[in-house]
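S.K.: Below is one structure. I have some questions about it.
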Amino acid sequence: MLVAEQDSTEDEQLRDDESPRPDARSSVLSRAIFVGGVVITAVLFTIGAWQRRWIADDGLIVLRTVRNLLAGNGPVFNVDERVEANTSTAWTYVVWFFSWLTQARLEYVVLGVALVVSVLAVVFAMLGTARLWGGTGGQLLIPAGVLVYIALPPARDYATSGLESGLVICWVGLLWWLMIRWSQAAVVRVPSLLGLVFLAGLAPLVRPEATLIGVLALGMIFLAPMPAFRFGPIALRALIVFVAGIVPVGYQIWRMGYYGLPYPNTAVAKDAGGAKWGQGAIYLWDLVGPYYLWIPLLVLLIAGVVAGITRGVALPRFSVAGLRAWLRSPSAVVVMVLGSGLLLTVYAVRVGGDFMHGRMLLTQLFLLLLPVAVVPIPLRLRKSDWSVVVLLAALLGTAGWSLYASNTTAITTGTKIRSSGIVDERIYYVLNTGHDHPILAEDYLDYPRMRAMVNDIAANPKGGLLLNSPAFTFWYLDPPPEPIPAEGSGHTVYFLNLGMTSMNVPLDVRVIDPMGLAYPLAAHSDRLADGRIGHDKSLLPDWVVADSGMVDIHPWMPWYMDEKWVTQARTAMSCPQTQALMISVREPLTLDRFKHNFRNALAFSKYRIDRVPKYEIQRCGLVDPFPEPPR
């Protein structure tokens, strides 16, 4: 009897010490709960994003390029200049493809595509993290990090904004899922590996900053042990380089020859290489502070560390072979995404962030939350399993914070732009247009000056340059010189808000901006030291009068402009380097022009002019038509 009781006690202790094996019922339960969590999260994000649906003015900028593509004018913003006005090349062509495929109205196409890829992003994130934690066998995978992301109002705002935010996180989520699959595969198949490297290689086309993520992922794959390949590991590595680079390198060659720049014109206009650390810190806190975002990040960091310790974290061995073997492990993939998120956060702070609340930090936040997108809770508990208490507390805390954050309004100034220059972009346009959901281009006709612009263009069929006035009811129109051709001289609109202006006028109306997103001359002007972030270039209209060839004397020219300054601007534009820059985008594209642009793309990207005509004349060494008398 004693022996039997002793044997029974030993069996119970053995069962307590061993990891329990899940039975069929628990596996079905855990799988159902995970699938339910994915569905519920996707539905919540869809509903939340749809309630805040809109298309930003910057989202409409993308559609102007798509219109030109569909019209056969090429990937340009204005038909007379080759300018890459969109930061995400991939987003432009994704929207173009679905617009061509469906023949639906562009605003509805971009709205639907943006919402779909945004929701797919959280689905991919949960699938990848579920694999990270070992799947649904014997544990519950509960949504955690994804709830933090979708609870943030900016995340829901930019899920339908017409901008590339959804595409970027969708690419990140898919890359995460496939990288985890690669790291856990018992046998890596070459076709699936090449598909993974092709996806990673698209990084610079998804968004230039995403290149960092793609390079880190490709570096891991390239340095890790290669799977069996009939031509050997060296040939496979060469094939990996080819597959990863064929699209981005091919497009880069095309970009440099076609546009004359090594990166999108938006990077020139915003001087993405400049440093504004102080403004960047303000931008970071503008997202973290109002929502107390540091709380869920800290809680989930602890939960992730605890879950990793209890499941065993693979650490690299200090040898070349050991390190290479570690690179193909889930731990290495986690380090890669967390490192990418931190480095991209530092980069965003360095360049000063953005003027749109939260937008430029969404990808970084998504990366940091990937390893804890879902949190594992074991179905069968051991007596010593203290980690479950920590994980449950983290889940409850995250859920409570998500309820708080989802109903928080961080910026309450409405249409008033604060001294930091940061604004809640959606609320700003909702209030300024009077539409709860400004989506169609004509919704923006109720934005100040827009309806007046359309009316003034119609009232002046002979053409001219439209410059905004202090009043919202009319524009100043600088007419073309006599004799005016019978078909007119065409219209040019010079205004900061490119999207709403360009989408409410025909493609033959030239739309340019003082910041330079679609106007090379303005893009290559000097940055204003204390300008509003994202708007710290402002080319004076005198240059546009000279460039467009409109009448440059009063009373035809707007009263506030100086005839002397316009004459000086015309002289400044004769600078040989400036002429070469403008010819690179305006001269018809021939093979010689393509080769010249390709060779000089880097030099063009670095070229800058002084926005004050007199000082630009001095910089270029030209003769001022109005020299100052000697003192």
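Following the order of the structure tokens, chains are lettered A, B, ..., residues in each are numbered from 1, and ligands are numbered from 1.
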Show me, as a PyMOL selection string, the residues that have an atom within 10 Å of segment 395-400 of chain A when counting only C-alpha atoms, minus same-chain residues fewer than 2 positions from it.

M.R.: chain A and resi 142-145+147-148+151+295-297+299-300+303+374-375+377+389-393+402-405

S.K.: For N, CA, C and O atoms, I'd like the residues from the last selection saved as a short mmCIF file (atom, residue, chain, number, x, y, z; two decimals), in the first residue's frame.

M.R.:
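Dumped everything to selection39.cif:
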data_model
loop_
_atom_site.label_atom_id
_atom_site.label_comp_id
_atom_site.auth_asym_id
_atom_site.auth_seq_id
_atom_site.Cartn_x
_atom_site.Cartn_y
_atom_site.Cartn_z
N ILE A 142 -3.59 35.44 -27.36
CA ILE A 142 -4.54 36.52 -27.13
C ILE A 142 -4.01 37.81 -27.75
O ILE A 142 -2.84 38.17 -27.54
N PRO A 143 -4.82 38.55 -28.52
CA PRO A 143 -4.37 39.83 -29.09
C PRO A 143 -3.90 40.79 -28.01
O PRO A 143 -4.56 40.98 -26.99
N ALA A 144 -2.76 41.40 -28.24
CA ALA A 144 -2.21 42.36 -27.27
C ALA A 144 -1.63 43.57 -28.01
O ALA A 144 -2.23 44.64 -28.04
N GLY A 145 -0.45 43.39 -28.63
CA GLY A 145 0.18 44.51 -29.32
C GLY A 145 -0.67 45.09 -30.44
O GLY A 145 -0.67 46.30 -30.67
N LEU A 147 -3.84 45.32 -30.45
CA LEU A 147 -4.86 46.18 -29.83
C LEU A 147 -4.30 47.56 -29.53
O LEU A 147 -4.99 48.57 -29.67
N VAL A 148 -3.04 47.60 -29.11
CA VAL A 148 -2.40 48.90 -28.86
C VAL A 148 -2.35 49.71 -30.14
O VAL A 148 -2.66 50.91 -30.15
N ALA A 151 -5.87 50.86 -31.39
CA ALA A 151 -6.54 51.77 -30.46
C ALA A 151 -6.10 53.22 -30.68
O ALA A 151 -6.85 54.15 -30.35
N ILE A 295 3.08 53.46 -21.34
CA ILE A 295 2.56 52.45 -20.41
C ILE A 295 2.38 51.10 -21.08
O ILE A 295 2.95 50.09 -20.63
N PRO A 296 1.61 50.99 -22.18
CA PRO A 296 1.48 49.67 -22.82
C PRO A 296 2.80 49.16 -23.39
O PRO A 296 3.03 47.95 -23.41
N LEU A 297 3.66 50.07 -23.87
CA LEU A 297 4.95 49.62 -24.40
C LEU A 297 5.79 48.98 -23.29
O LEU A 297 6.42 47.94 -23.50
N VAL A 299 4.61 47.69 -20.40
CA VAL A 299 3.92 46.48 -19.94
C VAL A 299 4.16 45.32 -20.91
O VAL A 299 4.47 44.19 -20.50
N LEU A 300 4.05 45.58 -22.20
CA LEU A 300 4.23 44.52 -23.18
C LEU A 300 5.70 44.12 -23.32
O LEU A 300 6.00 42.98 -23.68
N ALA A 303 6.04 41.68 -20.58
CA ALA A 303 5.35 40.45 -20.95
C ALA A 303 6.13 39.66 -21.99
O ALA A 303 6.24 38.43 -21.92
N VAL A 374 0.44 39.13 -30.40
CA VAL A 374 -0.38 38.27 -29.56
C VAL A 374 0.51 37.76 -28.43
O VAL A 374 1.73 37.65 -28.59
N VAL A 375 -0.10 37.45 -27.29
CA VAL A 375 0.64 36.98 -26.12
C VAL A 375 0.17 35.57 -25.78
O VAL A 375 -1.04 35.31 -25.76
N ILE A 377 -0.75 32.31 -23.57
CA ILE A 377 -1.16 31.88 -22.24
C ILE A 377 -1.31 30.36 -22.27
O ILE A 377 -2.13 29.84 -23.02
N VAL A 389 0.72 34.80 -14.39
CA VAL A 389 0.17 35.96 -13.68
C VAL A 389 0.63 37.25 -14.36
O VAL A 389 -0.15 38.18 -14.57
N VAL A 390 1.91 37.30 -14.72
CA VAL A 390 2.45 38.48 -15.39
C VAL A 390 1.78 38.69 -16.74
O VAL A 390 1.39 39.81 -17.10
N LEU A 391 1.61 37.61 -17.50
CA LEU A 391 1.03 37.72 -18.83
C LEU A 391 -0.44 38.14 -18.77
O LEU A 391 -0.89 38.98 -19.56
N LEU A 392 -1.18 37.57 -17.81
CA LEU A 392 -2.59 37.96 -17.67
C LEU A 392 -2.71 39.41 -17.25
O LEU A 392 -3.59 40.14 -17.74
N ALA A 393 -1.86 39.85 -16.34
CA ALA A 393 -1.89 41.25 -15.92
C ALA A 393 -1.57 42.17 -17.09
O ALA A 393 -2.18 43.24 -17.25
N SER A 402 -6.20 50.38 -24.01
CA SER A 402 -6.76 50.51 -25.36
C SER A 402 -8.12 51.20 -25.33
O SER A 402 -8.42 52.03 -26.19
N LEU A 403 -8.93 50.87 -24.34
CA LEU A 403 -10.23 51.53 -24.21
C LEU A 403 -10.05 53.01 -23.94
O LEU A 403 -10.78 53.85 -24.48
N TYR A 404 -9.08 53.35 -23.11
CA TYR A 404 -8.82 54.77 -22.81
C TYR A 404 -8.31 55.51 -24.05
O TYR A 404 -8.82 56.57 -24.42
N ALA A 405 -7.30 54.93 -24.71
CA ALA A 405 -6.65 55.63 -25.83
C ALA A 405 -7.58 55.79 -27.02
O ALA A 405 -7.51 56.80 -27.74
#

S.K.: Using only C-alpha atoms, what table do you get, as CSV, when you list each residue of segment 210-266 of chain A with an atom no more than 12 Å from segment 572-583 of chain A, its nearest pair of atoms, and their distance in Å rounded to one decimal, rows by chain then rising number?

M.R.:
residue,atom,partner,partner_atom,distance
A:Tyr258,CA,A:Ile583,CA,11.9
A:Tyr259,CA,A:Leu581,CA,10.4
A:Gly260,CA,A:Leu581,CA,8.3
A:Leu261,CA,A:Leu581,CA,10.1

S.K.: Let me see the file: selected residues, N, CA, C and O atoms, as a PDB file, in the first residue's frame.

M.R.:
ATOM      1  N   TYR A 258      15.056  59.213 -65.767  1.00  0.00           N
ATOM      2  CA  TYR A 258      13.783  59.845 -66.111  1.00  0.00           C
ATOM      3  C   TYR A 258      13.565  61.142 -65.329  1.00  0.00           C
ATOM      4  O   TYR A 258      13.225  62.179 -65.902  1.00  0.00           O
ATOM      5  N   TYR A 259      13.781  61.076 -64.009  1.00  0.00           N
ATOM      6  CA  TYR A 259      13.548  62.245 -63.155  1.00  0.00           C
ATOM      7  C   TYR A 259      14.812  63.061 -62.887  1.00  0.00           C
ATOM      8  O   TYR A 259      14.717  64.198 -62.413  1.00  0.00           O
ATOM      9  N   GLY A 260      15.987  62.486 -63.106  1.00  0.00           N
ATOM     10  CA  GLY A 260      17.226  63.206 -62.825  1.00  0.00           C
ATOM     11  C   GLY A 260      17.532  63.320 -61.352  1.00  0.00           C
ATOM     12  O   GLY A 260      18.259  64.235 -60.948  1.00  0.00           O
ATOM     13  N   LEU A 261      17.018  62.401 -60.542  1.00  0.00           N
ATOM     14  CA  LEU A 261      17.268  62.400 -59.097  1.00  0.00           C
ATOM     15  C   LEU A 261      17.478  60.964 -58.624  1.00  0.00           C
ATOM     16  O   LEU A 261      16.897  60.032 -59.195  1.00  0.00           O
TER      17      LEU A 261
END

S.K.: Closest to Ala90 of chain A among A:Val28, A:Leu205, A:Leu298, A:Ala186, using only C-alpha atoms?

M.R.: A:Leu205

S.K.: Excluding Ala114 of chain A and any residue of its chain fewer than 5 positions from it, enumerate the residues within 9 Å of it, using only C-alpha atoms, and give them as a list of chain:residue names.

M.R.: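 In the requested format, the answer is A:Val95, A:Val109, A:Val119, A:Tyr158, A:Ala159, A:Thr160, A:Ser161, A:Gly162, A:Leu163, A:Glu164, A:Ser165, A:Gly166, A:Leu167.
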
S.K.: Kindly indicate which residue among A:Ile417, A:Val551, A:Met561, A:Ala71 lies nearest to Gly464 of chain A, using only C-alpha atoms for the distances.

M.R.: A:Val551

S.K.: Find the residues around Gly201 of chain A up to 12 Å (only C-alpha atoms counted), leave out those fewer than 2 positions away in its own chain, and share them as a VMD selection string.

M.R.: chain A and resid 171 175 194 to 199 203 to 208 210 to 219 221 240 to 251

S.K.: Neighbouring residues of Leu440 of chain A were defined as those with any atom within 12 Å, considering only C-alpha atoms; residues of the same chain fewer than 5 positions away were excluded. Please report them as number ranges by chain.

M.R.: A: 53-57, 59-60, 63, 105-111, 161-162, 433, 435, 445-446, 499-500, 503-504

S.K.: Those same residues, written as an mmCIF file, in the first residue's frame with N, CA, C and O atoms?

M.R.:
data_model
loop_
_atom_site.group_PDB
_atom_site.id
_atom_site.type_symbol
_atom_site.label_atom_id
_atom_site.label_comp_id
_atom_site.auth_asym_id
_atom_site.auth_seq_id
_atom_site.Cartn_x
_atom_site.Cartn_y
_atom_site.Cartn_z
ATOM 1 N N ARG A 53 -13.128 57.585 -41.789
ATOM 2 C CA ARG A 53 -12.692 57.552 -43.189
ATOM 3 C C ARG A 53 -12.560 58.958 -43.757
ATOM 4 O O ARG A 53 -13.374 59.844 -43.488
ATOM 5 N N TRP A 54 -11.540 59.126 -44.578
ATOM 6 C CA TRP A 54 -11.262 60.406 -45.235
ATOM 7 C C TRP A 54 -10.111 60.191 -46.199
ATOM 8 O O TRP A 54 -9.475 59.135 -46.195
ATOM 9 N N ILE A 55 -9.864 61.158 -47.035
ATOM 10 C CA ILE A 55 -8.671 61.167 -47.873
ATOM 11 C C ILE A 55 -7.982 62.506 -47.665
ATOM 12 O O ILE A 55 -8.594 63.562 -47.849
ATOM 13 N N ALA A 56 -6.732 62.452 -47.264
ATOM 14 C CA ALA A 56 -5.968 63.665 -46.985
ATOM 15 C C ALA A 56 -5.645 64.411 -48.266
ATOM 16 O O ALA A 56 -5.666 63.847 -49.360
ATOM 17 N N ASP A 57 -5.323 65.679 -48.108
ATOM 18 C CA ASP A 57 -4.862 66.452 -49.263
ATOM 19 C C ASP A 57 -3.638 65.804 -49.881
ATOM 20 O O ASP A 57 -3.527 65.704 -51.111
ATOM 21 N N GLY A 59 -3.009 62.690 -49.822
ATOM 22 C CA GLY A 59 -3.494 61.493 -50.496
ATOM 23 C C GLY A 59 -3.996 61.801 -51.893
ATOM 24 O O GLY A 59 -3.856 60.985 -52.819
ATOM 25 N N LEU A 60 -4.593 62.974 -52.062
ATOM 26 C CA LEU A 60 -5.055 63.387 -53.388
ATOM 27 C C LEU A 60 -3.881 63.671 -54.331
ATOM 28 O O LEU A 60 -4.022 63.572 -55.556
ATOM 29 N N LEU A 63 -3.211 60.756 -56.375
ATOM 30 C CA LEU A 63 -4.193 60.514 -57.425
ATOM 31 C C LEU A 63 -3.948 61.365 -58.664
ATOM 32 O O LEU A 63 -4.333 60.983 -59.772
ATOM 33 N N ARG A 105 -14.037 55.179 -59.644
ATOM 34 C CA ARG A 105 -13.569 56.515 -59.300
ATOM 35 C C ARG A 105 -12.335 56.407 -58.413
ATOM 36 O O ARG A 105 -12.278 55.615 -57.472
ATOM 37 N N LEU A 106 -11.316 57.236 -58.698
ATOM 38 C CA LEU A 106 -10.025 57.099 -58.037
ATOM 39 C C LEU A 106 -10.120 57.214 -56.523
ATOM 40 O O LEU A 106 -9.443 56.473 -55.791
ATOM 41 N N GLU A 107 -10.930 58.143 -56.034
ATOM 42 C CA GLU A 107 -11.020 58.329 -54.582
ATOM 43 C C GLU A 107 -11.544 57.072 -53.895
ATOM 44 O O GLU A 107 -11.066 56.705 -52.810
ATOM 45 N N TYR A 108 -12.499 56.391 -54.518
ATOM 46 C CA TYR A 108 -13.040 55.173 -53.918
ATOM 47 C C TYR A 108 -12.031 54.028 -54.013
ATOM 48 O O TYR A 108 -11.954 53.185 -53.110
ATOM 49 N N VAL A 109 -11.278 53.995 -55.097
ATOM 50 C CA VAL A 109 -10.263 52.954 -55.239
ATOM 51 C C VAL A 109 -9.215 53.083 -54.141
ATOM 52 O O VAL A 109 -8.885 52.112 -53.446
ATOM 53 N N VAL A 110 -8.669 54.285 -53.975
ATOM 54 C CA VAL A 110 -7.597 54.463 -52.995
ATOM 55 C C VAL A 110 -8.125 54.280 -51.577
ATOM 56 O O VAL A 110 -7.415 53.768 -50.696
ATOM 57 N N LEU A 111 -9.366 54.658 -51.339
ATOM 58 C CA LEU A 111 -9.971 54.455 -50.019
ATOM 59 C C LEU A 111 -10.064 52.964 -49.704
ATOM 60 O O LEU A 111 -9.664 52.513 -48.615
ATOM 61 N N SER A 161 -6.439 57.196 -45.380
ATOM 62 C CA SER A 161 -6.111 58.581 -45.743
ATOM 63 C C SER A 161 -5.716 58.745 -47.199
ATOM 64 O O SER A 161 -5.552 59.867 -47.668
ATOM 65 N N GLY A 162 -5.532 57.636 -47.916
ATOM 66 C CA GLY A 162 -5.034 57.737 -49.281
ATOM 67 C C GLY A 162 -3.529 57.775 -49.348
ATOM 68 O O GLY A 162 -2.947 57.762 -50.440
ATOM 69 N N THR A 433 -13.448 71.935 -44.276
ATOM 70 C CA THR A 433 -14.322 71.662 -45.425
ATOM 71 C C THR A 433 -15.792 71.584 -45.022
ATOM 72 O O THR A 433 -16.673 71.716 -45.880
ATOM 73 N N HIS A 435 -17.141 68.828 -44.006
ATOM 74 C CA HIS A 435 -17.573 67.462 -44.303
ATOM 75 C C HIS A 435 -17.007 66.515 -43.244
ATOM 76 O O HIS A 435 -15.804 66.550 -42.961
ATOM 77 N N LEU A 445 -13.780 71.379 -52.422
ATOM 78 C CA LEU A 445 -14.165 72.684 -52.973
ATOM 79 C C LEU A 445 -14.699 73.604 -51.889
ATOM 80 O O LEU A 445 -14.744 74.823 -52.075
ATOM 81 N N ASP A 446 -15.108 73.018 -50.760
ATOM 82 C CA ASP A 446 -15.578 73.835 -49.641
ATOM 83 C C ASP A 446 -14.435 74.269 -48.727
ATOM 84 O O ASP A 446 -14.676 74.932 -47.717
ATOM 85 N N GLY A 499 -2.955 68.674 -53.438
ATOM 86 C CA GLY A 499 -3.923 67.624 -53.730
ATOM 87 C C GLY A 499 -5.270 68.157 -54.144
ATOM 88 O O GLY A 499 -5.802 67.822 -55.212
ATOM 89 N N MET A 500 -5.853 69.004 -53.323
ATOM 90 C CA MET A 500 -7.195 69.510 -53.598
ATOM 91 C C MET A 500 -7.218 70.402 -54.828
ATOM 92 O O MET A 500 -8.205 70.424 -55.570
ATOM 93 N N MET A 503 -6.653 68.018 -58.103
ATOM 94 C CA MET A 503 -7.734 67.073 -58.393
ATOM 95 C C MET A 503 -9.037 67.761 -58.762
ATOM 96 O O MET A 503 -10.006 67.102 -59.126
ATOM 97 N N ASN A 504 -9.068 69.080 -58.672
ATOM 98 C CA ASN A 504 -10.275 69.817 -59.052
ATOM 99 C C ASN A 504 -10.080 70.631 -60.325
ATOM 100 O O ASN A 504 -10.908 71.488 -60.643
#

S.K.: Any idea what's packed within 7 Å of segment 564-567 of chain A, counting only C-alpha atoms, ignoring anything in its chain fewer than 6 positions away? Could you give it as a list in words?

M.R.: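 Using only C-alpha atoms, the neighbours found are Asp542, Trp543, Val545, Ala546, Asp552 and Pro613 of chain A.
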
S.K.: Between A:Leu367, A:Leu44, A:Val337, A:Ala325, which is the closest to Gln184 of chain A once you count only C-alpha atoms?

M.R.: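 Closest candidate: A:Ala325.
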
S.K.: Considering only C-alpha atoms, return as a VMD selection string whatever protein or nucleic-acid residues lie within 12 Å of Asp478 of chain A, sequence-local ones (same chain, fewer than 5 positions apart) excluded.

M.R.: chain A and resid 456 to 457 460 462 to 468 489 to 494 541 to 542 544 to 546 548 to 559 561

S.K.: Using only C-alpha atoms for the distances, tell me which of A:Met360, A:Leu496, A:Ala228, A:Leu140 is nearest to Ile33 of chain A.

M.R.: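 For Ile33 of chain A, the nearest of the given residues is A:Leu140.
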
S.K.: In Å, with one decimal, what is the gap from atom CA of Pro481 of chain A to atom CA of Leu517 of chain A?

M.R.: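 Interatomic distance, atom CA of Pro481 of chain A to atom CA of Leu517 of chain A: 27.8 Å.
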
S.K.: If I take atom CA of Val123 of chain A and atom CA of Pro153 of chain A, how far is one from the other in Å, to one decimal?

M.R.: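 So the answer is 18.8 Å.
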
S.K.: Rank A:Val351, A:Val334, A:Val83, A:Ala518 by their smallest atom-to-atom distance to Gly308 of chain A, using only C-alpha atoms, and report the top residue only.

M.R.: A:Val334

S.K.: Nearest residue to Leu323 of chain A out of A:Ile234, A:Val39, A:Met220, A:Ile282, using only C-alpha atoms?

M.R.: A:Met220

S.K.: When DSSP is applied to the backbone of this structure, which of segment 384-473 of chain A are assigned alpha helix (DSSP H)? Write them out as a PyMOL selection string.

M.R.: chain A and resi 387-406+425-433+450-459

S.K.: Assign secondary structure with DSSP using the backbone only, and return the residues of segment 384-578 of chain A in strand (DSSP E) as a list in words.

M.R.: Gly464, Leu465, Leu466, Leu467, Asn468, Trp475, Tyr476, Leu477, Asp478, His491, Thr492, Val493, Tyr494, Arg510, Val511 and Ile512 of chain A
